[in-house]
Structures are given as C-alpha cells and as structure tokens.
>>> print(open('start07.pdb').read())   # PDB, C-alpha atoms, pLDDT in the B column
ATOM      1  CA  MET A 190     -17.997  12.922   6.385  1.00 57.00           C
ATOM      2  CA  THR A 191     -16.631  11.867   3.025  1.00 72.00           C
ATOM      3  CA  ARG A 192     -18.590   9.747   0.645  1.00 81.00           C
ATOM      4  CA  PRO A 193     -17.353   6.209  -0.015  1.00 88.00           C
ATOM      5  CA  LEU A 194     -15.550   5.491  -3.253  1.00 89.00           C
ATOM      6  CA  GLY A 195     -17.649   4.412  -6.198  1.00 90.00           C
ATOM      7  CA  ARG A 196     -17.213   1.183  -8.126  1.00 92.00           C
ATOM      8  CA  HIS A 197     -15.290   2.819 -10.979  1.00 93.00           C
ATOM      9  CA  GLN A 198     -13.061   4.730  -8.576  1.00 92.00           C
ATOM     10  CA  LEU A 199     -12.160   1.521  -6.732  1.00 92.00           C
ATOM     11  CA  THR A 200     -11.510  -0.270 -10.027  1.00 92.00           C
ATOM     12  CA  VAL A 201      -9.179   2.438 -11.305  1.00 92.00           C
ATOM     13  CA  LEU A 202      -7.441   2.818  -7.927  1.00 91.00           C
ATOM     14  CA  SER A 203      -6.754  -0.908  -7.645  1.00 89.00           C
ATOM     15  CA  ALA A 204      -5.542  -1.054 -11.259  1.00 90.00           C
ATOM     16  CA  LEU A 205      -3.258   1.891 -10.558  1.00 88.00           C
ATOM     17  CA  ALA A 206      -1.815   0.071  -7.546  1.00 86.00           C
ATOM     18  CA  ARG A 207      -1.219  -3.153  -9.504  1.00 85.00           C
ATOM     19  CA  HIS A 208       0.200  -1.880 -12.808  1.00 84.00           C
ATOM     20  CA  ASN A 209       3.251   0.160 -13.882  1.00 83.00           C
ATOM     21  CA  GLY A 210       4.616   0.577 -10.377  1.00 80.00           C
ATOM     22  CA  GLY A 211       1.611   2.585  -9.224  1.00 83.00           C
ATOM     23  CA  THR A 212       1.695   5.163 -12.019  1.00 86.00           C
ATOM     24  CA  TRP A 213      -0.436   5.986 -15.069  1.00 89.00           C
ATOM     25  CA  SER A 214      -0.175   8.394 -17.973  1.00 87.00           C
ATOM     26  CA  ALA A 215      -2.201   8.844 -21.148  1.00 84.00           C
ATOM     27  CA  GLY A 216       0.183   6.586 -23.116  1.00 83.00           C
ATOM     28  CA  CYS A 217      -0.155   3.587 -20.780  1.00 83.00           C
ATOM     29  CA  VAL A 218      -1.518   0.318 -22.095  1.00 82.00           C
ATOM     30  CA  TRP A 219      -4.279  -0.087 -19.504  1.00 85.00           C
ATOM     31  CA  GLN A 220      -7.225   2.227 -19.326  1.00 87.00           C
ATOM     32  CA  PHE A 221     -10.786   2.092 -18.044  1.00 91.00           C
ATOM     33  CA  ARG A 222     -13.243   2.541 -20.932  1.00 91.00           C
ATOM     34  CA  SER A 223     -11.100   5.261 -22.551  1.00 90.00           C
ATOM     35  CA  ALA A 224      -8.112   7.427 -21.694  1.00 89.00           C
ATOM     36  CA  ALA A 225     -10.377  10.439 -21.164  1.00 90.00           C
ATOM     37  CA  TYR A 226     -12.641   8.544 -18.748  1.00 93.00           C
ATOM     38  CA  THR A 227      -9.642   7.133 -16.875  1.00 92.00           C
ATOM     39  CA  THR A 228      -8.287  10.672 -16.519  1.00 91.00           C
ATOM     40  CA  ARG A 229     -11.645  11.858 -15.230  1.00 94.00           C
ATOM     41  CA  VAL A 230     -11.789   9.122 -12.582  1.00 94.00           C
ATOM     42  CA  LEU A 231      -8.151   9.725 -11.607  1.00 94.00           C
ATOM     43  CA  ASP A 232      -8.848  13.447 -11.213  1.00 93.00           C
ATOM     44  CA  SER A 233     -11.654  12.620  -8.783  1.00 93.00           C
ATOM     45  CA  LEU A 234      -9.180  10.487  -6.814  1.00 93.00           C
ATOM     46  CA  VAL A 235      -6.670  13.368  -6.830  1.00 93.00           C
ATOM     47  CA  GLN A 236      -9.298  15.563  -5.161  1.00 92.00           C
ATOM     48  CA  ARG A 237      -9.655  13.000  -2.380  1.00 92.00           C
ATOM     49  CA  GLY A 238      -5.873  12.690  -1.900  1.00 92.00           C
ATOM     50  CA  TYR A 239      -5.590   9.043  -2.968  1.00 93.00           C
ATOM     51  CA  VAL A 240      -3.668   9.860  -6.157  1.00 93.00           C
ATOM     52  CA  MET A 241      -1.239  12.648  -6.986  1.00 94.00           C
ATOM     53  CA  ARG A 242      -0.725  14.200 -10.410  1.00 92.00           C
ATOM     54  CA  THR A 243       2.488  15.685 -11.714  1.00 87.00           C
ATOM     55  CA  THR A 244       1.672  18.744 -13.773  1.00 81.00           C
ATOM     56  CA  GLY A 245       4.640  18.601 -16.129  1.00 80.00           C
ATOM     57  CA  SER A 246       4.270  15.063 -17.423  1.00 80.00           C
ATOM     58  CA  GLY A 247       0.587  14.464 -16.704  1.00 84.00           C
ATOM     59  CA  ARG A 248       1.482  11.273 -14.817  1.00 92.00           C
ATOM     60  CA  TYR A 249      -0.683  10.010 -11.989  1.00 93.00           C
ATOM     61  CA  ALA A 250       0.765   8.100  -9.028  1.00 92.00           C
ATOM     62  CA  ILE A 251      -0.960   6.398  -6.117  1.00 89.00           C
ATOM     63  CA  THR A 252      -0.331   7.834  -2.661  1.00 90.00           C
ATOM     64  CA  GLU A 253       0.032   5.974   0.611  1.00 86.00           C
ATOM     65  CA  SER A 254      -3.492   6.935   1.645  1.00 87.00           C
ATOM     66  CA  GLY A 255      -4.717   5.420  -1.639  1.00 88.00           C
ATOM     67  CA  LEU A 256      -2.953   2.187  -0.736  1.00 85.00           C
ATOM     68  CA  ASN A 257      -4.503   2.333   2.729  1.00 83.00           C
ATOM     69  CA  VAL A 258      -7.978   2.563   1.200  1.00 86.00           C
ATOM     70  CA  LEU A 259      -7.238  -0.643  -0.707  1.00 84.00           C
ATOM     71  CA  GLY A 260      -6.068  -2.349   2.483  1.00 81.00           C
ATOM     72  CA  TRP A 261      -2.300  -2.013   1.947  1.00 80.00           C
ATOM     73  CA  TYR A 262      -0.112  -0.497   4.663  1.00 79.00           C
ATOM     74  CA  THR A 263       3.591   0.384   4.703  1.00 78.00           C
ATOM     75  CA  CYS A 264       5.629  -1.173   7.487  1.00 78.00           C
ATOM     76  CA  ASP A 265       7.426   1.454   9.586  1.00 76.00           C
ATOM     77  CA  SER A 266      10.420  -0.849  10.119  1.00 75.00           C
ATOM     78  CA  CYS A 267      11.186  -2.325   6.699  1.00 75.00           C
ATOM     79  CA  THR A 268       8.932  -0.228   4.383  1.00 72.00           C
ATOM     80  CA  ARG A 269       7.312  -3.326   2.859  1.00 73.00           C
ATOM     81  CA  LEU A 270       3.678  -3.274   1.819  1.00 74.00           C
ATOM     82  CA  THR A 271       1.489  -5.560   3.877  1.00 75.00           C
ATOM     83  CA  ARG A 272      -2.174  -6.464   3.949  1.00 72.00           C
ATOM     84  CA  THR A 273      -2.007  -7.787   7.514  1.00 71.00           C
ATOM     85  CA  PRO A 274      -0.499  -4.984   9.592  1.00 71.00           C
ATOM     86  CA  VAL A 275       0.253  -5.218  13.281  1.00 73.00           C
ATOM     87  CA  ILE A 276      -0.513  -1.847  14.823  1.00 71.00           C
ATOM     88  CA  GLU A 277       1.489  -1.156  17.963  1.00 72.00           C
ATOM     89  CA  ARG A 278       1.609   1.782  20.305  1.00 71.00           C
ATOM     90  CA  ALA A 279       5.192   3.020  20.143  1.00 67.00           C
ATOM     91  CA  THR A 280       4.650   5.930  22.529  1.00 70.00           C
ATOM     92  CA  ALA A 281       1.672   7.378  24.329  1.00 71.00           C
ATOM     93  CA  ARG A 282       0.689   9.459  21.287  1.00 74.00           C
ATOM     94  CA  LYS A 283       2.133   7.628  18.308  1.00 75.00           C
ATOM     95  CA  TRP A 284       0.981   4.388  16.692  1.00 75.00           C
ATOM     96  CA  ARG A 285       3.357   2.266  14.644  1.00 73.00           C
ATOM     97  CA  VAL A 286       2.363  -0.031  11.779  1.00 77.00           C
ATOM     98  CA  ARG A 287       4.518  -3.105  11.321  1.00 75.00           C
ATOM     99  CA  CYS A 288       4.253  -6.073   9.015  1.00 73.00           C
ATOM    100  CA  SER A 289       3.847  -9.539  10.473  1.00 69.00           C
ATOM    101  CA  TRP A 290       7.428 -10.415   9.493  1.00 68.00           C
ATOM    102  CA  CYS A 291       8.891  -7.552  11.550  1.00 73.00           C
ATOM    103  CA  HIS A 292       6.531  -8.306  14.415  1.00 62.00           C
ATOM    104  CA  THR A 293       7.671 -11.918  14.870  1.00 60.00           C
ATOM    105  CA  PRO A 294      10.118 -12.517  17.711  1.00 54.00           C
ATOM    106  CA  GLY A 295      12.858 -13.627  15.295  1.00 51.00           C
ATOM    107  CA  GLY A 296      12.314 -10.817  12.800  1.00 47.00           C
ATOM    108  CA  PRO A 297      14.227  -7.540  12.704  1.00 49.00           C
ATOM    109  CA  SER A 298      13.066  -4.780  14.947  1.00 46.00           C
ATOM    110  CA  ALA A 299      13.784  -1.089  14.889  1.00 45.00           C
ATOM    111  CA  SER A 300      14.035  -1.009  18.685  1.00 46.00           C
ATOM    112  CA  ALA A 301      15.880  -4.302  19.189  1.00 43.00           C
ATOM    113  CA  GLU A 302      19.636  -4.567  19.396  1.00 42.00           C
ATOM    114  CA  PRO A 303      21.429  -6.150  16.440  1.00 44.00           C
ATOM    115  CA  PRO A 304      22.185  -9.858  16.913  1.00 44.00           C
ATOM    116  CA  SER A 305      25.632 -10.792  18.162  1.00 45.00           C
ATOM    117  CA  GLU A 306      28.148 -12.211  15.698  1.00 47.00           C
ATOM    118  CA  GLY A 307      27.798 -15.757  16.993  1.00 46.00           C
ATOM    119  CA  ALA A 308      24.010 -15.769  17.000  1.00 44.00           C
ATOM    120  CA  ARG A 309      22.261 -17.826  14.365  1.00 44.00           C
ATOM    121  CA  PRO A 310      19.181 -16.418  12.633  1.00 45.00           C
ATOM    122  CA  ARG A 311      15.919 -18.005  13.695  1.00 44.00           C
ATOM    123  CA  SER A 312      14.170 -19.859  10.892  1.00 42.00           C
ATOM    124  CA  ALA A 313      10.641 -21.079  10.551  1.00 42.00           C
ATOM    125  CA  PRO A 314      10.035 -24.764  11.315  1.00 43.00           C
ATOM    126  CA  THR A 315       9.857 -26.889   8.209  1.00 39.00           C
ATOM    127  CA  ARG A 316       7.702 -29.915   7.631  1.00 43.00           C
ATOM    128  CA  GLY A 317       8.820 -32.893   5.678  1.00 42.00           C
ATOM    129  CA  VAL A 318       7.099 -33.651   2.420  1.00 42.00           C
ATOM    130  CA  PRO A 319       6.020 -37.287   2.108  1.00 44.00           C
ATOM    131  CA  ALA A 320       7.729 -39.148  -0.698  1.00 37.00           C
TER     132      ALA A 320
END
>>> encode(input="start07.pdb", output="structure tokens")
Amino acid sequence: MTRPLGRHQLTVLSALARHNGGTWSAGCVWQFRSAAYTTRVLDSLVQRGYVMRTTGSGRYAITESGLNVLGWYTCDSCTRLTRTPVIERATARKWRVRCSWCHTPGGPSASAEPPSEGARPRSAPTRGVPA
C-alpha cells in the first residue's frame, strides 16, 4: 500500500497542474520555497508516477495519474478534463470515463450515430432575466 501524498507534494502537484500548461523547469517563475526544493519534491512525484521528467531539458510534466490524484479525469469521448466524471461500463471488462457534457442525452457520443442534416442541436433551457 502506498503512502498518501504529503502537504508539500500536493501543493507542488496542484501548482504544476495549474501553471505553464502542466510543465515546470528550473527557469519557471513559480517555485515552492526554492528551485532546488521544488525539484526535490517533483522528483518524489516522479517516483510515484504522477509526474514525468524529460532528461534532456530537465522539464517536469504532470501525468494523467497525477491529474487523477487531484480529482481531474480525462473524458474518453472528447478528451476534456472534468472534475465530475460519469463512469460507465462500456463492456464487461472495460470502464469508460465520460464528462457530464458527453453523458447528457443531447451531447455527442462515441457510440451514437451522427445527427441527420435536418436535425437541430438540443440546447439547454434558458431562463429569462428580470428587467
């Protein structure tokens, strides 16, 4: 059983997810305490598989499992990141993660047929704003 992430590891992992498109290198503006300490924490996350490091440039990038630890999941249909996944059983052995937008009856579906040319897209009901 793996140990849970520490406070500094979670802080650095969430900062990595939010800034610079999920990447960090020694020349980046953000760092935790110092560049050396940030590198040390990122190396501990590399060992767990939540971050990957490119050897040539020394750049760190968050992995999908790192996003999953933070509560973010990638939709199998549209590849968007979502915090509220709908997990479906696609086959007897395989589970499929979909975002709530793809799961709605009017949303696109990987298994559904494309809409006919005359069909109008379904839109969400709107409420009037009082004047």
>>> residues_around(input="start07.pdb", residues="Trp213 in chain A", least_positions_apart="3", cutoff="8 Å", atoms="only C-alpha atoms", output="PyMOL selection string")
chain A and resi 205+209+217+248-250
>>> write_last_selection(input="start07.pdb", atoms="C-alpha atoms", output="PDB file, in the coordinates of the input")
ATOM      1  CA  LEU A 205      -3.258   1.891 -10.558  1.00 88.00           C
ATOM      2  CA  ASN A 209       3.251   0.160 -13.882  1.00 83.00           C
ATOM      3  CA  CYS A 217      -0.155   3.587 -20.780  1.00 83.00           C
ATOM      4  CA  ARG A 248       1.482  11.273 -14.817  1.00 92.00           C
ATOM      5  CA  TYR A 249      -0.683  10.010 -11.989  1.00 93.00           C
ATOM      6  CA  ALA A 250       0.765   8.100  -9.028  1.00 92.00           C
TER       7      ALA A 250
END
>>> resolve_selection(input="start07.pdb", expression="the PyMOL selection byres ((chain A and resi 228) around 10)", output="ChimeraX atom specification")
/A:201,213-215,220-221,223-227,229-234,247-249
>>> closest_residue(input="start07.pdb", among="A:Thr280, A:Trp219, A:Trp261, A:Cys288", to="Thr200 in chain A", atoms="only C-alpha atoms")
A:Trp219
>>> residues_around(input="start07.pdb", residues="Thr271 in chain A", least_positions_apart="4", cutoff="9 Å", atoms="all atoms listed in the file", output="PyMOL selection string")
chain A and resi 260-264+287-289
>>> closest_residue(input="start07.pdb", among="A:His197, A:Arg285, A:Asn257, A:Thr273", to="Arg222 in chain A", atoms="all atoms listed in the file")
A:His197
>>> residues_around(input="start07.pdb", residues="Arg237 in chain A", least_positions_apart="2", cutoff="12 Å", atoms="all atoms listed in the file", output="list of chain:residue names")
A:Thr191, A:Arg192, A:Pro193, A:Leu194, A:Gln198, A:Leu202, A:Val230, A:Leu231, A:Asp232, A:Ser233, A:Leu234, A:Val235, A:Tyr239, A:Val240, A:Met241, A:Ile251, A:Thr252, A:Ser254, A:Gly255, A:Val258
>>> atom_distance(input="start07.pdb", atom1="CA of Leu199 in chain A", atom2="CA of Gly238 in chain A")
13.7 Å
>>> axis_aligned_box(input="start07.pdb", around="range 254-270 of chain A", padding_each_side="8 Å", output="AutoDock Vina command-line options")
--center_x 1.6 --center_y 1.8 --center_z 4.2 --size_x 35.2 --size_y 26.3 --size_z 27.8
